[in-house]
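Containing mmCIF, C-alpha atoms: input.cif.
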data_query
loop_
_atom_site.label_atom_id
_atom_site.label_comp_id
_atom_site.auth_asym_id
_atom_site.auth_seq_id
_atom_site.Cartn_x
_atom_site.Cartn_y
_atom_site.Cartn_z
CA MET A 1 -26.12 23.16 -4.28
CA LYS A 2 -25.97 20.41 -1.67
CA THR A 3 -22.82 18.60 -0.59
CA PHE A 4 -22.69 15.03 -1.86
CA SER A 5 -22.35 12.34 0.78
CA ALA A 6 -21.98 8.75 -0.41
CA THR A 7 -24.22 6.01 0.91
CA PRO A 8 -23.40 2.28 0.73
CA ALA A 9 -25.57 2.02 -2.40
CA ASP A 10 -23.47 4.70 -4.17
CA ILE A 11 -20.12 2.95 -3.64
CA ASP A 12 -18.61 1.28 -6.71
CA LYS A 13 -15.47 -0.71 -5.85
CA LYS A 14 -13.03 -1.84 -8.52
CA TRP A 15 -10.10 -4.23 -8.34
CA ILE A 16 -6.69 -2.82 -9.26
CA ILE A 17 -3.42 -4.70 -9.67
CA ILE A 18 -0.04 -2.95 -9.33
CA ASP A 19 3.36 -4.42 -10.19
CA ALA A 20 5.85 -3.08 -7.63
CA GLU A 21 8.97 -4.30 -9.43
CA GLY A 22 11.43 -1.41 -9.70
CA VAL A 23 9.03 1.16 -8.22
CA VAL A 24 10.17 3.49 -5.41
CA LEU A 25 8.51 2.45 -2.13
CA GLY A 26 7.24 5.84 -0.91
CA ARG A 27 5.74 6.82 -4.25
CA LEU A 28 4.05 3.43 -4.56
CA ALA A 29 2.65 3.70 -1.03
CA SER A 30 1.21 7.18 -1.58
CA ILE A 31 -0.56 6.12 -4.79
CA VAL A 32 -1.93 2.97 -3.13
CA ALA A 33 -3.10 4.90 -0.05
CA MET A 34 -4.96 7.38 -2.27
CA ARG A 35 -6.65 4.53 -4.18
CA LEU A 36 -7.57 2.66 -0.99
CA ARG A 37 -9.09 5.78 0.57
CA GLY A 38 -11.01 6.67 -2.61
CA LYS A 39 -9.63 10.18 -3.01
CA HIS A 40 -9.24 9.69 -6.77
CA LYS A 41 -13.03 9.50 -7.16
CA ALA A 42 -15.48 12.38 -7.44
CA THR A 43 -17.72 10.56 -4.94
CA PHE A 44 -15.12 10.66 -2.14
CA THR A 45 -16.71 10.85 1.29
CA PRO A 46 -14.37 11.12 4.31
CA HIS A 47 -16.38 8.87 6.66
CA MET A 48 -17.07 6.07 4.13
CA ASP A 49 -14.91 3.37 2.58
CA THR A 50 -15.26 4.48 -1.07
CA GLY A 51 -11.85 3.22 -2.24
CA ASP A 52 -10.87 0.35 -4.49
CA ASN A 53 -9.44 -3.08 -3.72
CA VAL A 54 -5.71 -3.05 -4.49
CA ILE A 55 -3.47 -6.04 -5.25
CA ILE A 56 0.30 -5.47 -5.18
CA ILE A 57 2.55 -8.11 -6.72
CA ASN A 58 6.37 -8.40 -6.69
CA ALA A 59 6.58 -6.55 -3.36
CA ASP A 60 9.99 -8.10 -2.72
CA LYS A 61 11.43 -6.22 -5.73
CA VAL A 62 10.45 -2.73 -4.54
CA GLN A 63 13.20 -0.08 -4.67
CA MET A 64 14.33 2.54 -2.16
CA THR A 65 16.27 5.73 -2.82
CA GLY A 66 19.48 6.72 -1.11
CA LYS A 67 20.73 4.41 1.64
CA LYS A 68 17.27 3.58 2.99
CA ARG A 69 17.62 -0.11 2.16
CA THR A 70 20.49 -0.46 4.64
CA ASP A 71 19.78 2.41 7.07
CA LYS A 72 15.98 2.44 7.48
CA ARG A 73 14.98 0.64 10.66
CA TYR A 74 11.68 -0.94 11.66
CA TYR A 75 11.35 -0.94 15.46
CA TRP A 76 9.21 -3.00 17.85
CA HIS A 77 9.24 -3.55 21.58
CA THR A 78 9.00 -6.90 23.32
CA GLY A 79 7.28 -5.45 26.39
CA HIS A 80 10.21 -6.21 28.68
CA PRO A 81 12.57 -3.52 30.06
CA GLY A 82 15.22 -2.73 27.47
CA GLY A 83 13.36 -4.85 24.94
CA ILE A 84 13.45 -2.52 21.94
CA LYS A 85 14.49 -4.32 18.78
CA PHE A 86 14.83 -3.43 15.12
CA ARG A 87 15.43 -4.84 11.67
CA THR A 88 16.63 -2.95 8.64
CA ALA A 89 14.55 -2.77 5.48
CA GLU A 90 17.11 -4.98 3.73
CA GLN A 91 16.76 -7.71 6.36
CA ILE A 92 12.96 -7.68 6.02
CA LEU A 93 13.01 -7.65 2.20
CA GLU A 94 15.39 -10.61 2.16
CA GLY A 95 13.51 -12.43 4.93
CA GLN A 96 10.43 -14.60 5.04
CA PHE A 97 7.80 -11.82 4.74
CA PRO A 98 9.11 -9.10 2.37
CA GLU A 99 5.58 -7.80 1.73
CA ARG A 100 5.51 -6.29 5.25
CA VAL A 101 7.66 -3.34 4.10
CA VAL A 102 5.03 -2.29 1.54
CA THR A 103 2.15 -2.94 3.95
CA ALA A 104 3.76 -0.81 6.67
CA ALA A 105 4.45 2.05 4.23
CA VAL A 106 0.83 2.12 3.03
CA LYS A 107 -0.58 1.81 6.55
CA ARG A 108 1.49 4.77 7.76
CA MET A 109 0.12 6.97 4.95
CA LEU A 110 -3.47 6.46 6.10
CA PRO A 111 -5.01 8.28 9.07
CA GLY A 112 -4.82 6.38 12.35
CA ASN A 113 -8.48 5.64 12.95
CA SER A 114 -10.93 2.75 12.77
CA LEU A 115 -11.88 3.55 9.16
CA SER A 116 -8.31 3.13 7.95
CA ARG A 117 -8.07 -0.21 9.75
CA LYS A 118 -11.12 -1.29 7.73
CA ILE A 119 -9.58 0.19 4.56
CA MET A 120 -6.40 -1.86 5.08
CA THR A 121 -8.48 -5.03 4.60
CA ASN A 122 -8.89 -3.96 0.95
CA LEU A 123 -5.11 -4.23 0.38
CA ARG A 124 -3.51 -7.50 -0.69
CA VAL A 125 0.28 -7.67 -1.00
CA TYR A 126 2.18 -10.60 -2.49
CA ALA A 127 5.96 -11.10 -2.60
CA GLY A 128 5.90 -12.94 -5.93
CA SER A 129 4.07 -12.43 -9.20
CA GLU A 130 1.30 -14.95 -8.44
CA HIS A 131 -1.99 -13.97 -6.79
CA PRO A 132 -5.32 -15.79 -6.25
CA HIS A 133 -7.58 -12.92 -7.44
CA GLU A 134 -7.91 -13.65 -11.16
CA ALA A 135 -11.67 -14.17 -10.77
CA GLN A 136 -12.12 -10.49 -9.83
CA ALA A 137 -10.65 -9.42 -13.22
CA PRO A 138 -8.41 -6.65 -11.80
CA GLU A 139 -7.43 -3.67 -13.94
CA VAL A 140 -3.70 -3.04 -14.32
CA LEU A 141 -2.46 0.30 -12.97
CA ASP A 142 0.98 1.12 -14.39
CA VAL A 143 2.66 3.17 -11.65
CA LYS A 144 5.99 3.20 -13.51
CA SER A 145 4.63 5.24 -16.41
CA MET A 146 2.81 7.83 -14.24
CA ASN A 147 6.00 9.74 -13.44
CA SER A 148 9.64 9.17 -14.34
CA LYS A 149 10.57 9.56 -10.65
CA ASN A 150 8.45 6.54 -9.71
CA THR A 151 11.23 4.18 -10.82
CA ARG A 152 14.78 4.09 -9.64
CA SER A 153 17.35 4.46 -12.41
#
Before anything else, please render the file you have as structure tokens.
Amino acid sequence: MKTFSATPADIDKKWIIIDAEGVVLGRLASIVAMRLRGKHKATFTPHMDTGDNVIIINADKVQMTGKKRTDKRYYWHTGHPGGIKFRTAEQILEGQFPERVVTAAVKRMLPGNSLSRKIMTNLRVYAGSEHPHEAQAPEVLDVKSMNSKNTRS
């Protein structure tokens, strides 16, 4: 039996929409990373982009367990000596671009190579419940009902 290797003609991409309201961030990110990579399909090929297009809505209402909302820090460096800065997850979620928390979590669950940079273009994250992708007729993926631990009680 030969090993299957997908070609561009074999790839079938779907559109999936996920409502992040009340869902735990890490669990959401791991499910989205798996869908983006295509590991849920029998035709998974490591060197090809076989994953689906994922739309995440209500990213500003994502939950975190423990004290991560106040204690988790996102660092960056300005390039100047002593120029390390940070913001907490709470500051980002209440700021102008709350979808960056979800985007960063998903990005960090993918391998750090050129393929995952291409895969990240298949992810669309929106802070509110509106999105401009109705024409693609996305299927709803209910992450809340997959596991009781996916929501914060």
With all atoms listed in the file as the counted atoms, please give the residues lying no more than 7 Å from Tyr74 of chain A, apart from itself and same-chain residues fewer than 4 positions off, as a VMD selection string.
chain A and resid 86 to 88
Please provide as a list of chain:residue names all residues within 9 Å of Gly38 of chain A, with the sequence filter that same-chain residues fewer than 5 positions apart are discarded (counting all atoms listed in the file).
A:Ala33, A:Thr43, A:Phe44, A:Thr45, A:Pro46, A:Asp49, A:Thr50, A:Gly51, A:Asp52
Atoms to include: C-alpha atoms. Write the selected residues as a short mmCIF file (atom, residue, chain, number, x, y, z; two decimals), in the frame of the given file.
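Below is the file that was written, result20.cif:
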data_model
loop_
_atom_site.label_atom_id
_atom_site.label_comp_id
_atom_site.auth_asym_id
_atom_site.auth_seq_id
_atom_site.Cartn_x
_atom_site.Cartn_y
_atom_site.Cartn_z
CA ALA A 33 -3.10 4.90 -0.05
CA THR A 43 -17.72 10.56 -4.94
CA PHE A 44 -15.12 10.66 -2.14
CA THR A 45 -16.71 10.85 1.29
CA PRO A 46 -14.37 11.12 4.31
CA ASP A 49 -14.91 3.37 2.58
CA THR A 50 -15.26 4.48 -1.07
CA GLY A 51 -11.85 3.22 -2.24
CA ASP A 52 -10.87 0.35 -4.49
#
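Residue nearest Ile56 of chain A within the list A:Asp10, A:Lys85, A:His40, A:Trp15: A:Trp15 [criterion: smallest interatomic distance, only C-alpha atoms].
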Of A:Ser116, A:Thr103, A:Gln91, A:Asn150, the one sitting nearest Arg69 of chain A when using only C-alpha atoms is A:Gln91
Neighbours of point (10.1, 2.7, -4.6) within 8 Å, using only C-alpha atoms, written as a PyMOL selection string
chain A and resi 20+22-28+62-65+150-152
Nearby residues (all atoms listed in the file) at most 7 Å from segment 117-131 of chain A, same-chain spacing under 6 positions excluded, as an mmCIF file with C-alpha atoms, in the frame of the given file:
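Saved to selection-v7.cif:
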data_model
loop_
_atom_site.group_PDB
_atom_site.id
_atom_site.type_symbol
_atom_site.label_atom_id
_atom_site.label_comp_id
_atom_site.auth_asym_id
_atom_site.auth_seq_id
_atom_site.Cartn_x
_atom_site.Cartn_y
_atom_site.Cartn_z
ATOM 1 C CA LEU A 36 -7.570 2.660 -0.990
ATOM 2 C CA ARG A 37 -9.090 5.780 0.570
ATOM 3 C CA ASP A 49 -14.910 3.370 2.580
ATOM 4 C CA ASN A 53 -9.440 -3.080 -3.720
ATOM 5 C CA VAL A 54 -5.710 -3.050 -4.490
ATOM 6 C CA ILE A 55 -3.470 -6.040 -5.250
ATOM 7 C CA ILE A 56 0.300 -5.470 -5.180
ATOM 8 C CA ILE A 57 2.550 -8.110 -6.720
ATOM 9 C CA ASN A 58 6.370 -8.400 -6.690
ATOM 10 C CA ALA A 59 6.580 -6.550 -3.360
ATOM 11 C CA ASP A 60 9.990 -8.100 -2.720
ATOM 12 C CA PRO A 98 9.110 -9.100 2.370
ATOM 13 C CA GLU A 99 5.580 -7.800 1.730
#
If you measure from atom CA of Asp19 of chain A to atom CA of Val143 of chain A, what distance in Å do you get, rounded to one decimal?
7.8 Å
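Counting only C-alpha atoms and comparing A:Met1, A:Val106, A:Ile11, A:Ile18, the residue that lies closest to Pro138 of chain A is A:Ile18.
With only C-alpha atoms as the atoms that count, the minimum distance from Pro8 of chain A to the choices A:Lys149, A:His47, A:Glu21, A:Leu115 is reached by A:His47.
Taking atom CA of Asn147 of chain A as the reference point, atom CA of Pro132 of chain A is found at 28.8 Å.
You will find atom CA of Ser30 of chain A at 9.0 Å from atom CA of Leu110 of chain A.
If all atoms listed in the file are the atoms counted, then among A:Met146, A:Ile92, A:Ala6, A:Met48 the closest residue to Lys72 of chain A is A:Ile92.
Using only C-alpha atoms, the smallest distance between any of A:Lys144, A:Lys61, A:Lys107, A:Lys68 and Met34 of chain A comes from A:Lys107.
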